[in-house]
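J.: Sharing protein_27.cif, mmCIF, C-alpha atoms:
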data_model
#
loop_
_atom_site.label_atom_id
_atom_site.label_comp_id
_atom_site.auth_asym_id
_atom_site.auth_seq_id
_atom_site.Cartn_x
_atom_site.Cartn_y
_atom_site.Cartn_z
CA MET A 1 18.87 126.34 54.68
CA LEU A 2 15.66 127.14 52.93
CA SER A 3 14.22 123.99 54.36
CA ARG A 4 14.63 125.51 57.78
CA ILE A 5 12.59 128.51 56.63
CA VAL A 6 10.00 126.07 55.32
CA PHE A 7 9.80 124.52 58.75
CA VAL A 8 9.61 127.81 60.57
CA SER A 9 6.95 129.33 58.32
CA ALA A 10 4.92 126.13 58.28
CA ASN A 11 4.88 126.02 62.02
CA ALA A 12 4.00 129.69 62.25
CA VAL A 13 1.05 128.99 60.00
CA LYS A 14 0.01 125.87 61.88
CA SER A 15 -0.28 127.44 65.29
CA SER A 16 1.25 130.23 67.25
CA SER A 17 0.71 128.77 70.69
CA PRO A 18 3.59 127.59 72.87
CA LEU A 19 2.46 124.09 72.13
CA GLY A 20 3.52 124.74 68.59
CA ALA A 21 6.98 124.06 69.85
CA GLY A 22 6.17 120.41 69.63
CA LEU A 23 5.10 120.79 66.03
CA VAL A 24 8.70 121.22 64.94
CA GLN A 25 8.94 117.49 65.06
CA LEU A 26 5.34 116.95 63.95
CA SER A 27 6.12 114.63 61.10
CA HIS A 28 8.18 112.54 63.45
CA LEU A 29 5.31 111.53 65.72
CA HIS A 30 4.12 107.98 65.88
CA THR A 31 1.18 107.54 63.61
CA SER A 32 -0.03 104.39 65.33
CA PRO A 33 -1.21 104.77 68.91
CA ASN A 34 0.35 101.54 70.13
CA SER A 35 4.06 101.96 69.77
CA GLN A 36 5.82 103.05 72.93
CA ALA A 37 9.35 103.14 71.56
CA PRO A 38 11.16 106.45 71.86
CA VAL A 39 10.99 108.57 68.70
CA PRO A 40 14.38 108.52 66.93
CA ALA A 41 16.05 111.91 66.71
CA LEU A 42 16.16 113.82 63.45
CA PRO A 43 19.32 113.42 61.41
CA GLU A 44 21.67 116.33 61.83
CA LYS A 45 22.33 117.11 58.19
CA GLY A 46 20.41 116.30 55.03
CA GLY A 47 21.66 114.44 52.03
CA LYS A 48 24.70 116.14 50.61
CA THR A 49 24.45 117.99 47.33
CA ARG A 50 27.19 119.39 45.14
CA HIS A 51 26.63 123.03 44.12
CA GLY A 52 23.22 122.85 45.73
CA ILE A 53 21.43 121.00 42.95
CA ILE A 54 23.28 117.75 42.17
CA PRO A 55 23.09 114.98 44.77
CA GLU A 56 26.42 113.69 45.96
CA GLU A 57 25.40 110.15 45.05
CA ILE A 58 25.97 110.81 41.35
CA PHE A 59 29.57 111.70 42.05
CA GLN A 60 30.06 108.64 44.24
CA LEU A 61 28.47 106.46 41.56
CA LEU A 62 30.85 107.60 38.83
CA TYR A 63 33.98 107.88 40.97
CA PRO A 64 35.30 104.29 40.50
CA LYS A 65 35.04 104.46 36.73
CA THR A 66 35.85 108.06 35.90
CA GLY A 67 37.54 109.58 38.92
CA VAL A 68 36.88 113.03 40.25
CA THR A 69 36.25 114.89 37.01
CA GLY A 70 33.85 112.31 35.60
CA PRO A 71 30.56 113.93 36.48
CA TYR A 72 31.80 117.35 35.43
CA VAL A 73 32.84 116.03 32.05
CA LEU A 74 29.47 114.31 31.83
CA GLY A 75 27.78 117.61 32.60
CA ALA A 76 29.82 119.50 30.05
CA GLY A 77 29.12 116.90 27.42
CA LEU A 78 25.41 116.93 28.12
CA LEU A 79 25.36 120.70 27.98
CA THR A 80 27.12 120.72 24.61
CA TYR A 81 24.74 118.12 23.30
CA ILE A 82 21.54 119.86 24.28
CA LEU A 83 22.88 123.19 23.04
CA SER A 84 24.05 121.91 19.71
CA LYS A 85 20.96 119.89 18.99
CA GLU A 86 18.88 122.82 20.28
CA ILE A 87 17.07 120.71 22.76
CA TYR A 88 17.68 123.71 24.96
CA ILE A 89 16.93 126.77 22.83
CA ILE A 90 18.69 130.05 23.51
CA ASN A 91 16.11 132.78 23.41
CA HIS A 92 15.18 135.87 25.43
CA GLU A 93 14.28 133.69 28.37
CA THR A 94 17.84 132.43 28.55
CA PHE A 95 19.01 135.93 29.34
CA ALA A 96 16.30 136.37 31.95
CA ALA A 97 17.23 133.02 33.48
CA ALA A 98 20.90 133.96 33.54
CA CYS A 99 20.17 137.25 35.31
CA MET A 100 17.87 135.60 37.83
CA GLY A 101 20.38 132.80 38.42
CA THR A 102 23.14 135.29 39.08
CA VAL A 103 21.06 137.24 41.55
CA ILE A 104 19.85 134.10 43.29
CA ILE A 105 23.30 132.62 43.59
CA TYR A 106 24.72 135.88 44.85
CA GLY A 107 21.94 136.21 47.41
CA VAL A 108 22.32 132.66 48.62
CA ARG A 109 26.08 132.90 48.90
CA LYS A 110 25.97 136.18 50.76
CA PHE A 111 22.99 135.77 53.08
CA GLY A 112 22.80 132.02 53.35
CA PRO A 113 24.69 131.51 56.61
CA ASP A 114 22.90 134.40 58.33
CA VAL A 115 19.46 133.12 57.44
CA ALA A 116 20.52 129.63 58.44
CA ALA A 117 21.68 130.86 61.84
CA PHE A 118 18.43 132.77 62.32
CA ALA A 119 16.31 129.75 61.48
CA ASP A 120 18.46 127.62 63.74
CA LYS A 121 17.91 130.08 66.56
CA LEU A 122 14.14 129.95 66.08
CA ASN A 123 14.16 126.19 66.11
CA GLU A 124 16.40 126.20 69.15
CA GLU A 125 13.99 128.45 71.01
CA LYS A 126 11.08 126.18 70.22
CA VAL A 127 12.96 123.13 71.36
CA GLN A 128 14.01 124.93 74.49
CA LYS A 129 10.46 125.91 75.32
CA ALA A 130 9.31 122.35 74.93
CA GLN A 131 12.22 121.20 77.02
CA GLU A 132 11.31 123.68 79.74
CA VAL A 133 7.75 122.45 79.81
CA LYS A 134 8.98 118.90 80.02
CA ASP A 135 11.50 119.72 82.74
CA LEU A 136 8.90 121.60 84.73
CA ALA A 137 6.53 118.69 84.47
CA MET A 138 9.27 116.29 85.51
CA THR A 139 10.31 118.31 88.55
CA SER A 140 6.75 118.86 89.67
CA LEU A 141 5.98 115.18 89.30
CA ALA A 142 9.13 114.19 91.17
CA GLN A 143 8.18 116.64 93.91
CA ALA A 144 4.70 115.14 94.00
CA VAL A 145 6.23 111.69 94.40
CA LEU A 146 8.38 112.91 97.29
CA ASP A 147 5.41 114.57 98.95
CA GLU A 148 3.39 111.42 98.58
CA LYS A 149 6.11 109.36 100.20
CA LYS A 150 6.31 111.85 103.05
CA GLU A 151 2.57 111.63 103.58
CA GLN A 152 2.80 107.87 103.70
CA TRP A 153 5.55 108.09 106.29
CA ARG A 154 3.43 110.49 108.29
CA ALA A 155 0.47 108.14 108.15
CA GLU A 156 2.66 105.41 109.57
CA GLY A 157 3.65 107.61 112.48
CA ARG A 158 0.05 108.24 113.39
CA GLN A 159 0.03 105.04 115.40
CA MET A 160 2.53 106.54 117.78
CA LEU A 161 0.37 109.64 118.05
CA PHE A 162 -2.61 107.53 119.02
CA ASP A 163 -0.58 105.68 121.61
CA ALA A 164 0.57 108.92 123.16
CA LYS A 165 -2.99 110.22 123.26
CA ARG A 166 -4.20 107.03 124.82
CA ASN A 167 -1.50 107.32 127.46
CA ASN A 168 -2.57 110.87 128.18
CA VAL A 169 -6.18 109.88 128.67
CA ALA A 170 -5.20 106.99 130.92
CA MET A 171 -3.07 109.31 132.99
CA LEU A 172 -5.91 111.77 133.39
CA LEU A 173 -8.26 109.03 134.51
CA GLU A 174 -5.67 107.70 136.95
CA THR A 175 -5.09 111.15 138.40
CA ASN A 176 -8.79 111.66 138.84
CA ARG A 177 -9.20 108.34 140.52
CA ARG A 178 -6.36 109.04 142.91
CA GLU A 179 -7.74 112.43 143.78
CA ARG A 180 -11.06 110.89 144.65
CA VAL A 181 -9.44 108.16 146.72
CA HIS A 182 -7.53 110.86 148.56
CA MET A 183 -10.70 112.76 149.26
CA VAL A 184 -12.41 109.64 150.50
CA THR A 185 -9.58 108.79 152.90
CA ASN A 186 -9.50 112.35 154.17
CA GLU A 187 -13.18 112.45 154.84
CA VAL A 188 -13.18 109.07 156.54
CA LYS A 189 -10.21 110.11 158.64
CA LYS A 190 -11.95 113.28 159.66
CA ARG A 191 -14.97 111.40 160.81
CA LEU A 192 -12.92 108.86 162.73
CA ASP A 193 -10.88 111.63 164.35
CA TYR A 194 -14.07 113.25 165.44
CA GLN A 195 -15.22 110.07 167.06
CA ILE A 196 -11.88 109.63 168.82
CA ALA A 197 -11.94 113.20 170.06
CA LEU A 198 -15.43 112.65 171.31
CA GLN A 199 -14.42 109.52 173.25
CA THR A 200 -11.33 111.15 174.79
CA LEU A 201 -13.42 114.09 175.85
CA HIS A 202 -15.87 111.75 177.41
CA ARG A 203 -13.20 109.86 179.36
CA ARG A 204 -11.45 113.03 180.50
CA MET A 205 -14.65 114.50 181.75
CA GLU A 206 -15.45 111.34 183.63
CA GLN A 207 -11.97 111.26 185.08
CA GLU A 208 -12.02 114.84 186.20
CA HIS A 209 -15.42 114.51 187.61
CA MET A 210 -14.41 111.43 189.57
CA VAL A 211 -11.24 113.08 190.86
CA ASN A 212 -13.17 116.11 191.93
CA TRP A 213 -15.74 114.04 193.68
CA VAL A 214 -13.12 111.96 195.48
CA GLU A 215 -11.22 115.08 196.56
CA LYS A 216 -14.34 116.69 197.78
CA ASN A 217 -15.32 113.63 199.74
CA VAL A 218 -11.88 113.24 201.22
CA VAL A 219 -11.72 116.84 202.21
CA THR A 220 -15.10 116.69 203.85
CA SER A 221 -14.22 113.43 205.55
CA ILE A 222 -11.24 114.86 207.29
CA THR A 223 -12.79 115.48 210.76
CA PRO A 224 -11.23 118.02 213.03
CA GLN A 225 -10.00 115.25 215.37
CA GLN A 226 -8.13 113.59 212.61
CA GLU A 227 -6.71 116.90 211.63
CA LYS A 228 -5.27 117.54 215.09
CA THR A 229 -3.72 114.08 215.42
CA SER A 230 -2.16 114.29 211.99
CA ILE A 231 -0.68 117.68 212.72
CA ALA A 232 0.82 116.38 216.07
CA LYS A 233 2.27 113.39 214.20
CA CYS A 234 3.80 115.67 211.64
CA ILE A 235 5.39 117.79 214.35
CA THR A 236 6.93 114.76 216.15
CA ASP A 237 8.21 113.45 212.81
CA LEU A 238 9.76 116.75 212.07
CA LYS A 239 11.46 116.83 215.50
CA VAL A 240 12.93 113.39 214.95
CA LEU A 241 14.16 114.40 211.56
CA ALA A 242 15.76 117.52 212.99
CA LYS A 243 17.52 115.42 215.63
CA VAL A 244 18.83 113.06 213.02
CA GLN A 245 20.02 115.97 210.96
CA GLN A 246 21.79 117.51 213.91
CA ALA A 247 23.44 114.19 214.69
CA LYS A 248 24.62 113.91 211.15
CA ALA A 249 25.98 117.43 211.16
CA THR A 250 28.01 117.00 214.36
CA ALA A 251 29.21 113.48 213.32
CA MET B 1 25.78 85.55 49.14
CA ALA B 2 22.20 86.75 49.43
CA ASP B 3 20.58 86.87 52.89
CA ARG B 4 17.30 85.53 51.54
CA ILE B 5 15.61 84.99 48.22
CA VAL B 6 13.57 88.10 47.42
CA PRO B 7 10.77 87.73 44.92
CA LEU B 8 11.47 89.63 41.70
CA GLY B 9 8.58 92.02 42.06
CA GLU B 10 9.79 93.36 45.37
CA LYS B 11 13.41 94.02 44.50
CA ARG B 12 14.58 97.56 44.40
CA LEU B 13 15.36 99.03 40.97
CA MET B 14 19.11 99.16 41.52
CA ASP B 15 19.16 95.46 42.49
CA VAL B 16 17.37 94.30 39.35
CA LYS B 17 19.63 92.87 36.69
CA LEU B 18 19.29 94.25 33.17
CA GLY B 19 17.86 91.05 31.77
CA GLU B 20 15.17 90.95 34.38
CA LEU B 21 14.05 94.52 33.81
CA GLY B 22 11.08 93.58 31.63
CA SER B 23 9.65 91.01 34.03
CA TRP B 24 10.34 93.33 36.95
CA LEU B 25 8.28 96.06 35.30
CA GLY B 26 5.53 93.52 34.70
CA LYS B 27 5.41 92.57 38.37
CA ARG B 28 5.20 96.15 39.70
CA ASP B 29 1.89 97.31 41.08
CA PHE B 30 0.26 99.72 38.59
CA THR B 31 -3.16 99.89 40.17
CA PRO B 32 -4.16 103.41 41.26
CA ASN B 33 -3.54 102.44 44.87
CA GLY B 34 -0.16 101.08 43.94
CA VAL B 35 0.72 104.22 42.01
CA LEU B 36 -0.34 106.40 44.91
CA ALA B 37 1.64 104.23 47.28
CA SER B 38 4.75 104.56 45.17
CA ILE B 39 4.29 108.33 44.91
CA ARG B 40 3.92 108.59 48.67
CA ASN B 41 6.91 106.35 49.17
CA GLY B 42 9.07 108.45 46.89
CA HIS B 43 7.89 111.65 48.55
CA ASP B 44 8.67 110.25 52.01
CA ARG B 45 12.11 109.16 50.94
CA TYR B 46 12.95 112.56 49.45
CA TYR B 47 11.41 114.44 52.35
CA ASN B 48 13.17 112.44 55.04
CA LYS B 49 16.49 112.63 53.28
CA TYR B 50 16.68 116.30 52.34
CA ILE B 51 14.08 118.33 54.24
CA ASN B 52 13.18 116.64 57.53
CA VAL B 53 16.57 117.23 59.13
CA LYS B 54 17.89 119.56 61.79
CA LYS B 55 20.24 121.56 59.60
CA GLY B 56 19.02 121.25 56.04
CA GLY B 57 20.90 122.87 53.23
CA ILE B 58 19.61 124.66 50.17
CA GLY B 59 19.82 121.43 48.16
CA GLY B 60 16.51 120.07 49.38
CA VAL B 61 14.42 122.93 47.99
CA ALA B 62 16.77 123.86 45.16
CA MET B 63 16.55 120.39 43.63
CA LEU B 64 12.77 120.61 43.65
CA LEU B 65 12.88 124.00 41.94
CA VAL B 66 15.35 122.82 39.32
CA GLY B 67 13.16 119.82 38.67
CA TYR B 68 10.14 122.09 38.30
CA VAL B 69 12.01 124.30 35.85
CA ALA B 70 13.12 121.31 33.80
CA LEU B 71 9.63 119.79 33.75
CA SER B 72 7.99 123.04 32.70
CA TYR B 73 10.61 123.45 29.96
CA MET B 74 9.79 119.99 28.69
CA TRP B 75 6.07 120.73 28.72
CA GLU B 76 6.60 123.95 26.79
CA TYR B 77 9.06 122.49 24.29
CA ASP B 78 6.55 122.21 21.45
CA HIS B 79 5.84 125.89 21.86
CA LEU B 80 9.54 126.83 22.11
CA LYS B 81 10.48 124.84 19.02
CA HIS B 82 9.67 127.86 16.90
CA ASP B 83 12.48 129.91 18.52
CA ARG B 84 15.15 127.58 17.16
CA TRP B 85 18.08 129.28 15.45
CA ARG B 86 18.71 126.57 12.84
CA LYS B 87 16.34 124.25 11.16
CA TYR B 88 18.68 121.30 10.72
CA HIS B 89 20.93 120.06 13.48
#
Go ahead and render the structure in this file as structure tokens.
T.:
Amino acid sequence: MLSRIVFVSANAVKSSSPLGAGLVQLSHLHTSPNSQAPVPALPEKGGKTRHGIIPEEIFQLLYPKTGVTGPYVLGAGLLTYILSKEIYIINHETFAAACMGTVIIYGVRKFGPDVAAFADKLNEEKVQKAQEVKDLAMTSLAQAVLDEKKEQWRAEGRQMLFDAKRNNVAMLLETNRRERVHMVTNEVKKRLDYQIALQTLHRRMEQEHMVNWVEKNVVTSITPQQEKTSIAKCITDLKVLAKVQQAKATA
Amino acid sequence: MADRIVPLGEKRLMDVKLGELGSWLGKRDFTPNGVLASIRNGHDRYYNKYINVKKGGIGGVAMLLVGYVALSYMWEYDHLKHDRWRKYH
């Protein structure tokens, strides 16, 4: 538990920037710049210790020969030995050590889990911040990849755009050409119509003039003598016709 | 039985047989570099086992403190000898 405090305080001393989140695992970085293997995760729990100060390995070592109580008996025997031979001397410091030990053990027992949870929370926050940065980077990069692909797809479609534009231009040119052809035909037709109208006018005038002239000549050539004879002929014809009519009516 | 034949000088202490202890000590590297390397090695082993973990216990630091107390007691023993209660044990 104290080791977690060591970590937290060390990192607070090292840097207080958000990038310090990565320093939680500082000692776990690759020291050589060449290895690309993923860094193995930290072990969850440290080596086990009995009563906080004796590594569990001692107990496992002695278990086959002496069972469960072996190391404790060993400890008691050692204690008796160093006390009786006064390798450990009982003096005023012993009392001070006993008081301090009591206070320390009481403090650890009582506040240990709380401090551990607090340190865990701090570590968790750091890891979470780093994770957020990483996630943000990942999403933005993935988005950039998608955008890039979309741009590539758009670039492919530009060919179709060019074709459509080319078609448009061709259509405009064609329309223009047709308009001009139209205009040309209209103009030519107008001129030809004018010529035709001119010719018909000419012919009509000649015709009328000729007719008038013939009429005039005929009228002037009818002498009075001819007039009288023609009138007499008409009268006799009429009489005959009347006779025939009468005959038909009575028949 | 053994995977490969390891030269005596490189065996770990727990693998050395009692009879070979003398020659094993002779083969160990006692140059300053070697001593520093062994110190660093021991430190790394202790650190990675007890401190560089996600949920360390009090044991990692407590063992260091107990060791410090014991060492300082040993260094002061000549001075403390005068506080002995009996002269003959």
J.: Given the choices A:Val39, A:Leu62, A:Glu124, A:Ala170, which gets closest to chain B if the distance is worked out from all atoms listed in the file?
T.: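 The closest residue to chain B is A:Glu124.
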J.: Could you write out as JSON, numbers by chain the residues that the PyMOL selection byres ((chain B) within 10 of (chain A)) matches in the shown file?
T.: {"B": [46, 47, 48, 49, 50, 51, 52, 53, 54, 55, 56, 57, 58, 59, 60, 61, 62, 63, 64, 65, 66, 67, 73, 74, 77, 80, 81, 82, 83, 84, 85, 86, 87, 88, 89]}
J.: Report, in Å with one decimal, the straight-line distance from CA of Gly22 (chain B) to CA of Glu57 (chain A).
T.: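 So the two atoms, CA of Gly22 (chain B) and CA of Glu57 (chain A), lie 25.7 Å apart.
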J.: Find the distance between CA of Arg12 (chain B) and CA of Arg28 (chain B) and write it in Å to one decimal.
T.: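 Separation of CA of Arg12 (chain B) and CA of Arg28 (chain B): 10.6 Å.
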J.: Would you compute, for all listed atoms of region 113-119 of chain A, the axis-aligned bounding box grown by 5 Å on each side, and then report its centre and edge lengths in Å rounded to one decimal, as lines of an AutoDock Vina configuration file?
T.:
center_x = 20.5
center_y = 132.0
center_z = 59.5
size_x = 18.4
size_y = 14.8
size_z = 15.7
J.: Is it possible to dump region 115-173 of chain A as a PDB file, in the first residue's frame, including just C-alpha atoms?
T.:
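Written output follows (part.pdb):
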ATOM      1  CA  VAL A 115      -5.146   4.915   1.807  1.00  0.00           C
ATOM      2  CA  ALA A 116      -4.841   1.993  -0.566  1.00  0.00           C
ATOM      3  CA  ALA A 117      -8.193   2.813  -2.145  1.00  0.00           C
ATOM      4  CA  PHE A 118      -7.208   6.467  -2.473  1.00  0.00           C
ATOM      5  CA  ALA A 119      -3.924   5.636  -4.153  1.00  0.00           C
ATOM      6  CA  ASP A 120      -5.709   3.196  -6.415  1.00  0.00           C
ATOM      7  CA  LYS A 121      -8.159   5.904  -7.397  1.00  0.00           C
ATOM      8  CA  LEU A 122      -5.321   8.286  -8.274  1.00  0.00           C
ATOM      9  CA  ASN A 123      -3.630   5.668 -10.375  1.00  0.00           C
ATOM     10  CA  GLU A 124      -6.926   4.826 -12.020  1.00  0.00           C
ATOM     11  CA  GLU A 125      -7.471   8.446 -12.953  1.00  0.00           C
ATOM     12  CA  LYS A 126      -4.040   8.687 -14.509  1.00  0.00           C
ATOM     13  CA  VAL A 127      -4.554   5.541 -16.500  1.00  0.00           C
ATOM     14  CA  GLN A 128      -7.937   6.775 -17.586  1.00  0.00           C
ATOM     15  CA  LYS A 129      -6.539  10.063 -18.790  1.00  0.00           C
ATOM     16  CA  ALA A 130      -3.914   8.290 -20.816  1.00  0.00           C
ATOM     17  CA  GLN A 131      -6.549   5.972 -22.166  1.00  0.00           C
ATOM     18  CA  GLU A 132      -8.707   8.928 -23.169  1.00  0.00           C
ATOM     19  CA  VAL A 133      -5.843  10.522 -25.013  1.00  0.00           C
ATOM     20  CA  LYS A 134      -5.145   7.267 -26.759  1.00  0.00           C
ATOM     21  CA  ASP A 135      -8.802   6.716 -27.622  1.00  0.00           C
ATOM     22  CA  LEU A 136      -9.135  10.249 -28.926  1.00  0.00           C
ATOM     23  CA  ALA A 137      -6.081   9.786 -31.073  1.00  0.00           C
ATOM     24  CA  MET A 138      -7.405   6.479 -32.356  1.00  0.00           C
ATOM     25  CA  THR A 139     -10.824   7.849 -33.261  1.00  0.00           C
ATOM     26  CA  SER A 140      -9.400  10.923 -34.930  1.00  0.00           C
ATOM     27  CA  LEU A 141      -6.981   8.804 -36.923  1.00  0.00           C
ATOM     28  CA  ALA A 142      -9.718   6.380 -37.936  1.00  0.00           C
ATOM     29  CA  GLN A 143     -11.842   9.347 -38.984  1.00  0.00           C
ATOM     30  CA  ALA A 144      -8.915  10.703 -40.971  1.00  0.00           C
ATOM     31  CA  VAL A 145      -8.584   7.357 -42.716  1.00  0.00           C
ATOM     32  CA  LEU A 146     -12.283   7.372 -43.605  1.00  0.00           C
ATOM     33  CA  ASP A 147     -12.069  10.931 -44.883  1.00  0.00           C
ATOM     34  CA  GLU A 148      -9.069  10.045 -46.976  1.00  0.00           C
ATOM     35  CA  LYS A 149     -10.886   7.113 -48.523  1.00  0.00           C
ATOM     36  CA  LYS A 150     -13.849   9.343 -49.280  1.00  0.00           C
ATOM     37  CA  GLU A 151     -11.599  11.868 -50.970  1.00  0.00           C
ATOM     38  CA  GLN A 152     -10.097   9.128 -53.081  1.00  0.00           C
ATOM     39  CA  TRP A 153     -13.552   7.978 -54.106  1.00  0.00           C
ATOM     40  CA  ARG A 154     -14.450  11.540 -54.978  1.00  0.00           C
ATOM     41  CA  ALA A 155     -11.338  11.900 -57.091  1.00  0.00           C
ATOM     42  CA  GLU A 156     -12.371   8.822 -59.018  1.00  0.00           C
ATOM     43  CA  GLY A 157     -15.769  10.325 -59.739  1.00  0.00           C
ATOM     44  CA  ARG A 158     -14.222  13.427 -61.208  1.00  0.00           C
ATOM     45  CA  GLN A 159     -13.936  11.671 -64.545  1.00  0.00           C
ATOM     46  CA  MET A 160     -17.695  11.535 -64.769  1.00  0.00           C
ATOM     47  CA  LEU A 161     -17.852  15.223 -63.935  1.00  0.00           C
ATOM     48  CA  PHE A 162     -15.486  16.016 -66.776  1.00  0.00           C
ATOM     49  CA  ASP A 163     -17.519  13.921 -69.172  1.00  0.00           C
ATOM     50  CA  ALA A 164     -20.692  15.727 -68.216  1.00  0.00           C
ATOM     51  CA  LYS A 165     -18.995  19.093 -68.670  1.00  0.00           C
ATOM     52  CA  ARG A 166     -17.660  18.052 -72.026  1.00  0.00           C
ATOM     53  CA  ASN A 167     -21.152  16.994 -73.056  1.00  0.00           C
ATOM     54  CA  ASN A 168     -22.503  20.358 -71.983  1.00  0.00           C
ATOM     55  CA  VAL A 169     -19.965  22.246 -74.028  1.00  0.00           C
ATOM     56  CA  ALA A 170     -20.619  20.074 -77.061  1.00  0.00           C
ATOM     57  CA  MET A 171     -24.324  20.685 -76.717  1.00  0.00           C
ATOM     58  CA  LEU A 172     -23.808  24.428 -76.541  1.00  0.00           C
ATOM     59  CA  LEU A 173     -21.675  24.379 -79.656  1.00  0.00           C
TER      60      LEU A 173
END
